[in-house]
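Okay, target.cif now, which holds mmCIF, C-alpha atoms:
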data_protein
loop_
_atom_site.label_atom_id
_atom_site.label_comp_id
_atom_site.auth_asym_id
_atom_site.auth_seq_id
_atom_site.Cartn_x
_atom_site.Cartn_y
_atom_site.Cartn_z
CA MET A 1 150.70 174.24 39.00
CA LYS A 2 149.33 175.19 42.38
CA LYS A 3 145.93 173.73 41.45
CA GLN A 4 147.54 170.38 40.55
CA LYS A 5 149.35 170.26 43.90
CA THR A 6 146.11 171.03 45.70
CA LYS A 7 144.33 168.20 43.88
CA LYS A 8 147.15 165.78 44.73
CA ASN A 9 147.07 166.80 48.38
CA LYS A 10 143.31 166.28 48.53
CA ALA A 11 143.70 162.86 46.94
CA LYS A 12 146.32 161.89 49.53
CA LYS A 13 144.08 163.06 52.37
CA ALA A 14 141.18 161.05 50.95
CA VAL A 15 143.36 157.90 50.86
CA ARG A 16 144.36 158.49 54.46
CA ARG A 17 140.72 158.85 55.51
CA GLU A 18 139.84 155.59 53.74
CA LYS A 19 142.64 153.65 55.41
CA ILE A 20 141.16 150.83 57.46
CA ILE A 21 142.66 150.09 60.86
CA ASP A 22 142.50 146.49 62.12
CA ILE A 23 140.75 145.92 65.44
CA TYR A 24 141.90 142.74 67.13
CA LEU A 25 139.49 141.38 69.75
CA ASP A 26 140.70 137.78 70.02
CA TYR A 27 143.39 138.03 72.71
CA ALA A 28 142.01 134.98 74.51
CA SER A 29 143.05 132.91 71.48
CA ALA A 30 146.51 134.39 71.10
CA THR A 31 148.42 137.52 72.06
CA PRO A 32 151.20 139.19 70.07
CA VAL A 33 154.74 138.95 71.39
CA SER A 34 155.42 142.15 73.32
CA LYS A 35 158.32 144.49 72.59
CA SER A 36 160.05 143.75 75.90
CA VAL A 37 159.76 139.99 75.33
CA ASN A 38 161.15 140.32 71.80
CA GLU A 39 164.07 142.34 73.15
CA ALA A 40 164.76 139.73 75.84
CA MET A 41 164.81 136.93 73.25
CA THR A 42 166.91 138.92 70.78
CA ALA A 43 169.51 139.53 73.50
CA VAL A 44 170.05 135.76 73.85
CA SER A 45 169.47 134.74 70.22
CA GLY A 46 173.17 134.08 69.69
CA ILE A 47 173.24 131.54 72.51
CA PHE A 48 172.09 128.54 70.53
CA ALA A 49 174.04 125.73 72.18
CA ASN A 50 172.27 122.78 73.78
CA PRO A 51 171.80 123.50 77.52
CA GLY A 52 172.70 119.88 78.17
CA ALA A 53 176.20 120.23 76.69
CA ILE A 54 179.11 120.45 79.17
CA HIS A 55 181.23 122.89 77.13
CA ALA A 56 181.23 126.62 77.85
CA LYS A 57 178.53 127.49 75.32
CA GLY A 58 176.24 124.79 76.68
CA VAL A 59 176.84 125.97 80.25
CA GLU A 60 175.96 129.51 79.18
CA ALA A 61 172.63 128.32 77.75
CA LYS A 62 171.98 126.20 80.83
CA LYS A 63 172.45 129.24 83.09
CA LEU A 64 169.91 131.22 81.07
CA VAL A 65 167.33 128.44 81.39
CA ALA A 66 168.04 128.07 85.12
CA ASP A 67 167.71 131.82 85.70
CA ALA A 68 164.42 131.94 83.78
CA ARG A 69 163.11 128.99 85.78
CA VAL A 70 163.85 130.80 89.05
CA ARG A 71 162.11 133.98 87.85
CA ILE A 72 159.07 132.06 86.64
CA ALA A 73 158.81 130.10 89.89
CA LYS A 74 158.96 133.36 91.84
CA ALA A 75 156.05 134.78 89.81
CA ILE A 76 153.74 132.04 91.14
CA ASP A 77 155.38 131.45 94.56
CA ALA A 78 156.69 128.04 93.55
CA ARG A 79 160.08 126.34 93.86
CA GLU A 80 162.26 126.26 90.76
CA GLU A 81 162.39 122.45 90.75
CA GLU A 82 158.58 122.38 90.58
CA ILE A 83 158.52 123.99 87.10
CA ILE A 84 158.39 121.75 84.02
CA PHE A 85 158.77 123.46 80.64
CA THR A 86 156.64 122.07 77.81
CA ALA A 87 155.81 123.13 74.25
CA SER A 88 152.21 124.21 74.88
CA ALA A 89 149.38 124.39 77.42
CA THR A 90 147.84 121.41 75.63
CA GLU A 91 150.94 119.35 76.39
CA SER A 92 151.00 120.59 79.98
CA ASN A 93 147.38 119.56 80.51
CA SER A 94 147.98 116.16 78.96
CA LEU A 95 151.11 115.60 81.05
CA ALA A 96 149.30 116.64 84.24
CA LEU A 97 146.42 114.21 83.74
CA SER A 98 148.13 111.23 82.10
CA GLY A 99 151.28 111.62 84.17
CA VAL A 100 149.59 111.47 87.57
CA VAL A 101 147.23 108.66 86.51
CA ASP A 102 150.21 106.56 85.35
CA ALA A 103 152.01 107.21 88.64
CA TRP A 104 148.90 106.23 90.62
CA GLN A 105 148.46 103.01 88.63
CA ASN A 106 152.08 102.15 89.32
CA MET A 107 151.38 102.44 93.05
CA TYR A 108 148.00 100.67 92.90
CA PRO A 109 148.26 98.06 90.10
CA GLY A 110 144.98 96.46 89.14
CA GLU A 111 142.89 99.30 90.60
CA THR A 112 140.71 101.58 88.45
CA PRO A 113 141.67 105.26 88.67
CA HIS A 114 138.98 107.95 88.71
CA VAL A 115 139.33 111.44 87.19
CA ILE A 116 136.97 114.41 87.61
CA ILE A 117 136.78 117.44 85.29
CA SER A 118 134.24 120.22 84.85
CA ALA A 119 131.76 120.24 81.98
CA ILE A 120 133.37 123.38 80.53
CA GLU A 121 137.06 122.49 80.51
CA HIS A 122 139.33 123.43 77.63
CA PRO A 123 139.26 120.95 74.70
CA SER A 124 142.81 119.83 75.54
CA VAL A 125 141.65 118.62 78.97
CA ILE A 126 138.52 117.00 77.55
CA GLU A 127 140.42 115.15 74.83
CA ALA A 128 143.13 113.99 77.25
CA THR A 129 140.55 112.54 79.63
CA LEU A 130 138.60 110.89 76.81
CA LEU A 131 141.79 109.04 75.86
CA LEU A 132 142.22 108.00 79.49
CA GLU A 133 138.62 106.80 79.55
CA GLU A 134 139.31 104.63 76.49
CA GLU A 135 142.16 103.08 78.48
CA GLY A 136 139.82 102.12 81.31
CA VAL A 137 139.97 105.20 83.54
CA GLU A 138 136.67 106.19 85.16
CA LEU A 139 135.71 109.73 84.14
CA SER A 140 133.20 112.09 85.78
CA ARG A 141 132.13 115.55 84.64
CA VAL A 142 130.91 118.15 87.12
CA PRO A 143 127.99 120.24 85.85
CA VAL A 144 127.98 124.03 86.02
CA ASP A 145 125.18 126.55 86.56
CA GLU A 146 123.88 129.02 83.97
CA PHE A 147 126.83 131.31 84.67
CA GLY A 148 129.43 128.58 84.23
CA VAL A 149 130.23 128.12 87.93
CA VAL A 150 131.07 124.57 89.02
CA ASP A 151 128.47 122.84 91.22
CA LEU A 152 130.39 122.30 94.47
CA VAL A 153 127.75 119.99 95.96
CA GLU A 154 127.88 117.73 92.93
CA LEU A 155 131.68 117.79 92.95
CA LYS A 156 131.74 116.65 96.56
CA ASN A 157 129.30 113.83 95.74
CA LEU A 158 131.55 112.63 92.90
CA LEU A 159 134.64 112.18 95.08
CA LYS A 160 135.66 108.54 95.64
CA PRO A 161 138.53 106.69 97.34
CA ASN A 162 140.00 106.03 93.87
CA THR A 163 139.77 109.65 92.67
CA VAL A 164 143.26 110.49 91.45
CA VAL A 165 142.88 114.04 90.19
CA VAL A 166 140.29 116.79 89.92
CA SER A 167 140.93 119.20 87.02
CA ILE A 168 139.04 122.50 87.14
CA MET A 169 140.19 125.50 85.09
CA MET A 170 140.82 128.73 87.01
CA ALA A 171 138.82 130.83 84.55
CA ASN A 172 136.91 129.78 81.47
CA ASN A 173 138.33 130.70 78.07
CA GLU A 174 134.95 131.16 76.35
CA ILE A 175 132.79 133.01 78.87
CA GLY A 176 135.38 134.32 81.34
CA THR A 177 133.78 132.89 84.50
CA ILE A 178 136.20 132.54 87.42
CA GLU A 179 135.84 129.21 89.22
CA PRO A 180 135.85 128.86 93.05
CA LEU A 181 139.27 127.19 93.15
CA ASP A 182 139.92 128.15 96.76
CA ALA A 183 136.69 126.47 97.89
CA ILE A 184 137.48 123.39 95.77
CA SER A 185 141.00 123.18 97.24
CA LYS A 186 139.62 123.37 100.79
CA MET A 187 136.99 120.73 99.94
CA LEU A 188 139.66 118.30 98.74
CA ARG A 189 141.82 118.90 101.81
CA ARG A 190 138.84 118.21 104.10
CA TYR A 191 137.98 115.08 102.14
CA LYS A 192 141.53 113.76 102.44
CA LYS A 193 141.54 114.46 106.16
CA GLU A 194 138.21 112.66 106.64
CA MET A 195 139.39 109.70 104.56
CA GLN A 196 142.85 109.79 106.14
CA PHE A 197 144.47 110.06 102.71
CA SER A 198 147.86 111.71 102.58
CA ARG A 199 148.01 112.64 98.90
CA TYR A 200 145.01 111.93 96.67
CA PRO A 201 142.89 113.33 95.14
CA LEU A 202 145.19 115.89 93.51
CA LEU A 203 144.00 119.24 92.19
CA HIS A 204 145.03 120.46 88.74
CA THR A 205 144.05 123.80 87.24
CA ASP A 206 144.59 125.33 83.83
CA ALA A 207 145.42 128.97 84.60
CA SER A 208 146.27 129.95 81.03
CA GLN A 209 143.47 132.53 80.74
CA ALA A 210 143.62 133.62 84.38
CA PHE A 211 147.29 134.44 84.90
CA GLN A 212 147.12 137.87 83.27
CA TYR A 213 144.32 139.14 85.47
CA LEU A 214 144.23 137.15 88.71
CA PRO A 215 146.83 136.93 91.50
CA VAL A 216 147.82 133.38 90.56
CA ARG A 217 149.81 131.63 93.26
CA VAL A 218 150.21 127.90 93.80
CA VAL A 219 149.72 128.25 97.57
CA LYS A 220 146.39 130.13 97.42
CA PRO A 221 144.42 128.41 96.14
CA GLU A 222 146.57 125.42 97.07
CA VAL A 223 147.01 123.28 93.96
CA ASP A 224 149.14 120.29 93.08
CA LEU A 225 149.44 121.00 89.36
CA MET A 226 149.01 124.16 87.32
CA THR A 227 149.21 124.95 83.61
CA ILE A 228 150.29 128.36 82.26
CA SER A 229 150.78 129.25 78.58
CA SER A 230 153.27 131.78 77.21
CA SER A 231 151.20 132.49 74.10
CA LYS A 232 148.32 133.90 76.19
CA ILE A 233 150.48 136.49 78.02
CA TYR A 234 152.39 138.25 75.20
CA GLY A 235 155.16 135.67 75.28
CA PRO A 236 156.43 133.48 72.43
CA ARG A 237 154.50 130.51 71.08
CA GLY A 238 156.00 127.08 71.54
CA VAL A 239 156.55 127.19 75.30
CA ALA A 240 154.39 126.69 78.39
CA LEU A 241 154.81 125.29 81.87
CA LEU A 242 153.36 122.74 84.20
CA TYR A 243 153.82 123.40 87.89
CA VAL A 244 154.08 120.11 89.79
CA LYS A 245 154.15 120.28 93.58
CA ASN A 246 157.27 118.53 94.82
CA THR A 247 155.23 115.88 96.66
CA THR A 248 153.22 114.97 93.56
CA PRO A 249 154.13 111.70 91.79
CA ILE A 250 154.10 112.09 88.01
CA PHE A 251 155.39 109.93 85.17
CA SER A 252 156.93 111.42 82.04
CA GLN A 253 154.84 111.14 78.89
CA MET A 254 157.70 112.16 76.62
CA PRO A 255 160.81 110.05 77.17
CA GLY A 256 164.08 111.47 75.97
CA GLY A 257 167.35 112.68 77.36
CA GLY A 258 166.16 113.09 80.93
CA GLN A 259 165.51 116.84 80.76
CA GLU A 260 163.26 118.58 83.32
CA HIS A 261 164.47 116.18 86.03
CA GLY A 262 163.33 113.24 83.93
CA ARG A 263 159.74 114.48 83.72
CA ARG A 264 159.74 115.77 80.14
CA GLY A 265 162.26 114.85 77.44
CA GLY A 266 163.46 117.26 74.77
CA THR A 267 166.13 119.93 74.42
CA GLU A 268 165.14 123.13 76.23
CA ALA A 269 164.18 126.05 73.96
CA THR A 270 166.47 128.62 75.58
CA SER A 271 165.28 131.83 73.91
CA LEU A 272 161.59 130.88 74.23
CA ILE A 273 162.00 130.13 77.93
CA VAL A 274 163.80 133.45 78.47
CA GLY A 275 160.96 135.23 76.66
CA PHE A 276 158.38 133.37 78.74
CA ALA A 277 160.06 134.52 81.96
CA ARG A 278 160.04 138.13 80.82
CA ALA A 279 156.37 137.89 79.81
CA MET A 280 155.41 136.55 83.25
CA GLU A 281 157.32 139.31 85.03
CA ASP A 282 155.68 141.95 82.84
CA VAL A 283 152.23 140.58 83.67
CA VAL A 284 152.90 140.60 87.42
CA GLY A 285 154.06 144.22 87.17
CA MET A 286 151.03 145.52 85.27
CA ARG A 287 148.30 143.06 86.31
CA HIS A 288 146.30 145.27 88.66
CA LYS A 289 146.40 148.44 86.56
CA GLU A 290 145.60 146.62 83.32
CA SER A 291 142.74 144.69 84.92
CA GLU A 292 141.16 147.91 86.16
CA ARG A 293 141.52 149.53 82.72
CA LEU A 294 139.88 146.61 80.95
CA ARG A 295 137.13 146.41 83.54
CA LYS A 296 136.10 149.95 82.59
CA ILE A 297 136.06 148.99 78.91
CA PHE A 298 133.93 145.97 79.81
CA GLU A 299 131.38 148.16 81.63
CA TYR A 300 131.31 150.56 78.67
CA GLY A 301 130.74 147.65 76.31
CA LYS A 302 127.90 146.36 78.47
CA SER A 303 126.02 149.65 78.23
CA GLU A 304 126.67 149.89 74.47
CA LEU A 305 125.42 146.35 73.93
CA GLN A 306 122.14 147.17 75.67
CA LYS A 307 121.68 150.24 73.45
CA LYS A 308 122.62 148.68 70.12
CA ILE A 309 121.27 145.12 70.52
CA PRO A 310 118.69 145.16 73.35
CA ASP A 311 117.88 141.44 73.14
CA ALA A 312 121.55 140.33 73.28
CA VAL A 313 122.54 138.42 76.41
CA LEU A 314 125.93 138.77 78.09
CA LEU A 315 127.24 135.31 79.03
CA GLY A 316 129.20 134.26 82.09
CA HIS A 317 129.06 135.43 85.69
CA SER A 318 128.14 139.08 86.24
CA THR A 319 130.99 139.80 88.68
CA LYS A 320 133.19 136.70 89.02
CA ARG A 321 134.67 136.99 85.56
CA LEU A 322 137.87 137.99 83.79
CA PRO A 323 137.90 141.70 82.89
CA ASN A 324 138.96 141.04 79.30
CA ASN A 325 136.13 138.66 78.39
CA PHE A 326 133.01 140.04 76.69
CA THR A 327 130.97 137.14 75.32
CA PHE A 328 127.36 137.61 74.33
CA ALA A 329 124.60 135.77 72.50
CA VAL A 330 122.23 137.22 69.90
CA PRO A 331 118.95 135.29 69.46
CA GLY A 332 118.30 133.76 66.06
CA VAL A 333 121.52 134.80 64.30
CA GLU A 334 124.33 132.45 63.23
CA SER A 335 127.65 132.94 65.00
CA GLU A 336 129.76 132.40 61.89
CA TYR A 337 127.81 135.07 60.02
CA LEU A 338 128.59 137.62 62.75
CA VAL A 339 132.28 136.67 62.87
CA LEU A 340 132.60 137.02 59.10
CA ALA A 341 130.67 140.31 59.10
CA LEU A 342 133.16 141.65 61.64
CA SER A 343 136.13 140.26 59.73
CA ALA A 344 134.95 141.99 56.54
CA LYS A 345 135.33 145.26 58.44
CA HIS A 346 138.79 144.26 59.71
CA ILE A 347 137.50 143.48 63.20
CA PHE A 348 138.68 140.11 64.46
CA ALA A 349 136.75 138.18 67.09
CA SER A 350 135.68 134.56 67.61
CA SER A 351 132.58 132.49 68.21
CA ARG A 352 134.15 129.62 70.15
CA SER A 353 137.47 128.30 71.35
CA ALA A 354 140.12 128.49 68.62
CA CYS A 355 141.38 125.12 69.89
CA GLN A 356 138.12 123.39 68.94
CA SER A 357 138.63 121.15 65.95
CA ASP A 358 137.53 122.30 62.50
CA ASN A 359 137.12 118.66 61.52
CA GLN A 360 134.06 118.14 63.68
CA ASN A 361 130.70 117.43 62.09
CA ASP A 362 127.88 119.98 62.17
CA GLU A 363 126.32 118.46 65.29
CA THR A 364 129.47 118.94 67.37
CA LEU A 365 130.40 122.43 66.17
CA ASP A 366 128.27 123.97 68.92
CA SER A 367 130.39 125.08 71.85
CA HIS A 368 130.31 122.57 74.71
CA VAL A 369 130.62 125.52 77.09
CA ILE A 370 127.52 127.29 75.76
CA MET A 371 125.61 124.00 75.81
CA ALA A 372 126.70 123.30 79.40
CA ILE A 373 125.31 126.64 80.65
CA GLY A 374 121.99 126.03 78.91
CA GLY A 375 122.61 128.24 75.89
CA ASN A 376 120.47 128.02 72.78
CA PRO A 377 122.40 126.53 69.81
CA SER A 378 120.41 128.73 67.41
CA ASP A 379 121.68 131.93 69.06
CA GLY A 380 124.75 133.59 67.62
CA THR A 381 127.57 133.75 70.16
CA ILE A 382 130.42 136.21 69.84
CA ARG A 383 133.47 136.53 72.08
CA PHE A 384 135.31 139.83 72.25
CA SER A 385 138.46 139.32 74.30
CA PHE A 386 140.38 142.49 75.11
CA GLY A 387 144.10 143.11 75.32
CA ARG A 388 146.70 145.79 75.96
CA ASP A 389 145.86 147.68 72.77
CA THR A 390 142.08 147.62 73.21
CA ARG A 391 140.30 150.94 73.63
CA GLU A 392 136.64 151.93 74.18
CA LYS A 393 136.29 153.08 70.57
CA ASP A 394 137.21 149.56 69.41
CA ILE A 395 134.25 148.08 71.27
CA GLN A 396 132.01 150.87 70.05
CA ASN A 397 132.98 150.17 66.42
CA ALA A 398 132.71 146.41 66.83
CA LEU A 399 129.25 146.54 68.38
CA LYS A 400 128.10 148.92 65.66
CA VAL A 401 129.12 146.38 63.01
CA VAL A 402 127.42 143.54 64.90
CA ALA A 403 124.22 145.56 65.27
CA GLU A 404 124.15 146.31 61.53
CA ALA A 405 124.81 142.65 60.71
CA VAL A 406 122.02 141.53 63.03
CA GLU A 407 119.59 143.96 61.41
CA LYS A 408 120.50 142.70 57.91
CA TRP A 409 120.19 139.06 58.98
CA ARG A 410 116.76 139.60 60.52
CA SER A 411 115.53 141.63 57.55
CA TRP A 412 116.69 138.87 55.21
CA SER A 413 115.09 136.17 57.38
CA HIS A 414 111.82 138.08 57.56
CA ALA A 415 111.75 138.63 53.79
CA HIS A 416 112.29 134.92 53.09
CA LYS A 417 109.62 133.88 55.58
CA VAL A 418 107.10 136.13 53.81
#
Could I get this structure in the form of structure tokens?
Amino acid sequence: MKKQKTKKNKAKKAVRREKIIDIYLDYASATPVSKSVNEAMTAVSGIFANPGAIHAKGVEAKKLVADARVRIAKAIDAREEEIIFTASATESNSLALSGVVDAWQNMYPGETPHVIISAIEHPSVIEATLLLEEEGVELSRVPVDEFGVVDLVELKNLLKPNTVVVSIMMANNEIGTIEPLDAISKMLRRYKKEMQFSRYPLLHTDASQAFQYLPVRVVKPEVDLMTISSSKIYGPRGVALLYVKNTTPIFSQMPGGGQEHGRRGGTEATSLIVGFARAMEDVVGMRHKESERLRKIFEYGKSELQKKIPDAVLLGHSTKRLPNNFTFAVPGVESEYLVLALSAKHIFASSRSACQSDNQNDETLDSHVIMAIGGNPSDGTIRFSFGRDTREKDIQNALKVVAEAVEKWRSWSHAHKV
């Protein structure tokens, strides 16, 4: 009897040892909803009335939305009336660009508006501006250097009297490079002073990737419009914001019941907005400590990468980068192969922006960001993006799997060449 129990115990221990633990390294694509955010939303889940209703239940919901708006505005040093709630960062970016162009055209009918973006903007910004270009808007793209930093000289040369808005992301989602937003803001202010313009060109920035790790404030760098996403900061999906400086003209792109001071129609998602506010407050409270922790993991990963895959190249700026971004290229290996090799071992990473369409043809599947910094399309690019649950051992395990996959790929390639 004792022998049977011993055998059973050994079998159980063997099962435990074989249990595979998932390693998630795609936080730049999406973060889980944190415990504190879930608790905040659960606490108000019973308040389902329309915030626009005048009865007691509606007033209760309206107060929750108003309180969340105040807390969110405080997190970025804005005024509460400058916060517009949307359903996603994609919508916020589209509203920022189309909304200000429409307002400008209303003031200057018959004139051609001009919009400037960087060559490495998020797909939502690129697609929004391509639609504007089809409608007759003049579009310019600022090149970046090999580290993904915007060319300030070229940006200055692109400015025109009809430039309505310049849209430069605060930090890139694929390679983590932090853009010189403060210098760009100062450049635009000097240009307006020289041209004696009171308002244009406006400055918009997508801070969705940056908010967790940078001291994001709308007054430094001084911006006119800013996008922040809840789903990138451990908040719920389905809600984001667009900050619009109170002196910035903008036309609604979603007509409805006059919500958000007439700037974005649609019934407010009370519980999502409450969760968003809690997520932003949590980030502000832990930003510095978490950034320092992830920076150490990044440095560890850098040394491990050099040991395991000596010819791999870390992409992005060496110092001006988000601490959670670890993107590297491996010569001569397909990105998708590496992603799938990792996934087979329950390690989840990405090769490009998750917002890039899967319906593109083979020629456009290459990342526009990697192409803009002079990357080789034949090199395999992998992005590890860290989060609150990431530990050094996760990077160690992930790089071990990548190194083994690279060795197999090259052995296979060599065998087929022979």
_Need to verify the contact set: stretch 325-332 of chain A, 6 Å, all atoms listed in the file, exclusion of same-chain residues closer than 2 positions in sequence. Can you return it as JSON, numbers by chain?_
{"A": [175, 176, 312, 313, 314, 315, 322, 323, 378, 379, 380, 381, 382, 383, 384, 385]}
*Could you pull the residues within 7 Å of stretch 162-172 of chain A, counting only C-alpha atoms, minus those fewer than 3 positions along the same chain, as a list in words?*
Val101, Pro113, His114, Val115, Ile116, Ile117, Ser118, Glu121, Leu159, Ile175, Gly176, Thr177, Ile178, Glu179, Leu181, Tyr200, Pro201, Leu202, Leu203, His204, Thr205, Asp206, Ala207, Gln209 and Ala210 of chain A
Any chance you could export the current selection's C-alpha atoms as a PDB file, in the frame of the given file?
ATOM      1  CA  VAL A 101     147.230 108.660  86.510  1.00  0.00           C
ATOM      2  CA  PRO A 113     141.670 105.260  88.670  1.00  0.00           C
ATOM      3  CA  HIS A 114     138.980 107.950  88.710  1.00  0.00           C
ATOM      4  CA  VAL A 115     139.330 111.440  87.190  1.00  0.00           C
ATOM      5  CA  ILE A 116     136.970 114.410  87.610  1.00  0.00           C
ATOM      6  CA  ILE A 117     136.780 117.440  85.290  1.00  0.00           C
ATOM      7  CA  SER A 118     134.240 120.220  84.850  1.00  0.00           C
ATOM      8  CA  GLU A 121     137.060 122.490  80.510  1.00  0.00           C
ATOM      9  CA  LEU A 159     134.640 112.180  95.080  1.00  0.00           C
ATOM     10  CA  ILE A 175     132.790 133.010  78.870  1.00  0.00           C
ATOM     11  CA  GLY A 176     135.380 134.320  81.340  1.00  0.00           C
ATOM     12  CA  THR A 177     133.780 132.890  84.500  1.00  0.00           C
ATOM     13  CA  ILE A 178     136.200 132.540  87.420  1.00  0.00           C
ATOM     14  CA  GLU A 179     135.840 129.210  89.220  1.00  0.00           C
ATOM     15  CA  LEU A 181     139.270 127.190  93.150  1.00  0.00           C
ATOM     16  CA  TYR A 200     145.010 111.930  96.670  1.00  0.00           C
ATOM     17  CA  PRO A 201     142.890 113.330  95.140  1.00  0.00           C
ATOM     18  CA  LEU A 202     145.190 115.890  93.510  1.00  0.00           C
ATOM     19  CA  LEU A 203     144.000 119.240  92.190  1.00  0.00           C
ATOM     20  CA  HIS A 204     145.030 120.460  88.740  1.00  0.00           C
ATOM     21  CA  THR A 205     144.050 123.800  87.240  1.00  0.00           C
ATOM     22  CA  ASP A 206     144.590 125.330  83.830  1.00  0.00           C
ATOM     23  CA  ALA A 207     145.420 128.970  84.600  1.00  0.00           C
ATOM     24  CA  GLN A 209     143.470 132.530  80.740  1.00  0.00           C
ATOM     25  CA  ALA A 210     143.620 133.620  84.380  1.00  0.00           C
TER      26      ALA A 210
END
Could you pull the residues within 12 Å of A:Val239, counting all atoms listed in the file, minus those fewer than 5 positions along the same chain, as a compact mmCIF listing (two decimals) with C-alpha atoms, in the coordinates of the input?
# COMPACT_ATOMS: atom_id res chain seq x y z
CA ILE A 84 158.39 121.75 84.02
CA PHE A 85 158.77 123.46 80.64
CA THR A 86 156.64 122.07 77.81
CA ALA A 87 155.81 123.13 74.25
CA SER A 88 152.21 124.21 74.88
CA ALA A 89 149.38 124.39 77.42
CA THR A 90 147.84 121.41 75.63
CA GLU A 91 150.94 119.35 76.39
CA SER A 92 151.00 120.59 79.98
CA THR A 227 149.21 124.95 83.61
CA ILE A 228 150.29 128.36 82.26
CA SER A 229 150.78 129.25 78.58
CA SER A 230 153.27 131.78 77.21
CA SER A 231 151.20 132.49 74.10
CA LYS A 232 148.32 133.90 76.19
CA ILE A 233 150.48 136.49 78.02
CA TYR A 234 152.39 138.25 75.20
CA GLU A 268 165.14 123.13 76.23
CA ALA A 269 164.18 126.05 73.96
CA THR A 270 166.47 128.62 75.58
CA SER A 271 165.28 131.83 73.91
CA LEU A 272 161.59 130.88 74.23
CA ILE A 273 162.00 130.13 77.93
CA VAL A 274 163.80 133.45 78.47
CA GLY A 275 160.96 135.23 76.66
CA PHE A 276 158.38 133.37 78.74
CA ALA A 277 160.06 134.52 81.96
CA ALA A 279 156.37 137.89 79.81
*Which residue gives the smallest distance to A:Leu97 among A:Glu80, A:Glu292, A:Glu133, A:Glu111, with only C-alpha atoms counted?*
A:Glu133
*Selection under test: the PyMOL selection byres ((chain A and resi 347) around 8); residues as a ChimeraX atom specification*: /A:22-25,342-346,348-349,398
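Taking only C-alpha atoms into account, A:Gly257 lies nearest to A:Pro51 out of the set A:Glu334, A:Ala372, A:Leu132, A:Pro51.
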*Can you tell me how far atom CA of A:Glu81 sits from atom CA of A:Ser198, in Å to one decimal?*
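Going from atom CA of A:Glu81 over to atom CA of A:Ser198, I get 21.6 Å.
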*To one decimal in Å, tell me the separation between atom CA of A:Gln212 and atom CA of A:Arg287.*
6.1 Å
*Shell around A:Glu146 at 8 Å using all atoms listed in the file, local window under 5 positions removed, as JSON, numbers by chain*: {"A": [316, 372, 373, 374]}
*May I have the residues within 10 Å of A:Phe251 as a VMD selection string, using all atoms listed in the file and disregarding those fewer than 3 positions away in the same chain?*
chain A and resid 95 to 96 98 to 104 106 254 to 255 262 to 264
Would you output that residue set with C-alpha atoms, as an mmCIF file, in the frame of the given file?
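File produced: out25.cif:
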data_model
loop_
_atom_site.group_PDB
_atom_site.id
_atom_site.type_symbol
_atom_site.label_atom_id
_atom_site.label_comp_id
_atom_site.auth_asym_id
_atom_site.auth_seq_id
_atom_site.Cartn_x
_atom_site.Cartn_y
_atom_site.Cartn_z
ATOM 1 C CA LEU A 95 151.110 115.600 81.050
ATOM 2 C CA ALA A 96 149.300 116.640 84.240
ATOM 3 C CA SER A 98 148.130 111.230 82.100
ATOM 4 C CA GLY A 99 151.280 111.620 84.170
ATOM 5 C CA VAL A 100 149.590 111.470 87.570
ATOM 6 C CA VAL A 101 147.230 108.660 86.510
ATOM 7 C CA ASP A 102 150.210 106.560 85.350
ATOM 8 C CA ALA A 103 152.010 107.210 88.640
ATOM 9 C CA TRP A 104 148.900 106.230 90.620
ATOM 10 C CA ASN A 106 152.080 102.150 89.320
ATOM 11 C CA MET A 254 157.700 112.160 76.620
ATOM 12 C CA PRO A 255 160.810 110.050 77.170
ATOM 13 C CA GLY A 262 163.330 113.240 83.930
ATOM 14 C CA ARG A 263 159.740 114.480 83.720
ATOM 15 C CA ARG A 264 159.740 115.770 80.140
#
_Point-to-point distance from atom CA of A:Lys400 to atom CA of A:Pro377, Å rounded to tenths_ = 23.5 Å
_For this structure, which residues satisfy the selection - the PyMOL selection byres ((chain A and resi 63) around 12) - when it is evaluated on the file as given? I want them as number ranges by chain._
A: 44, 47, 49-54, 56-62, 64-70, 268, 270-271, 273-274
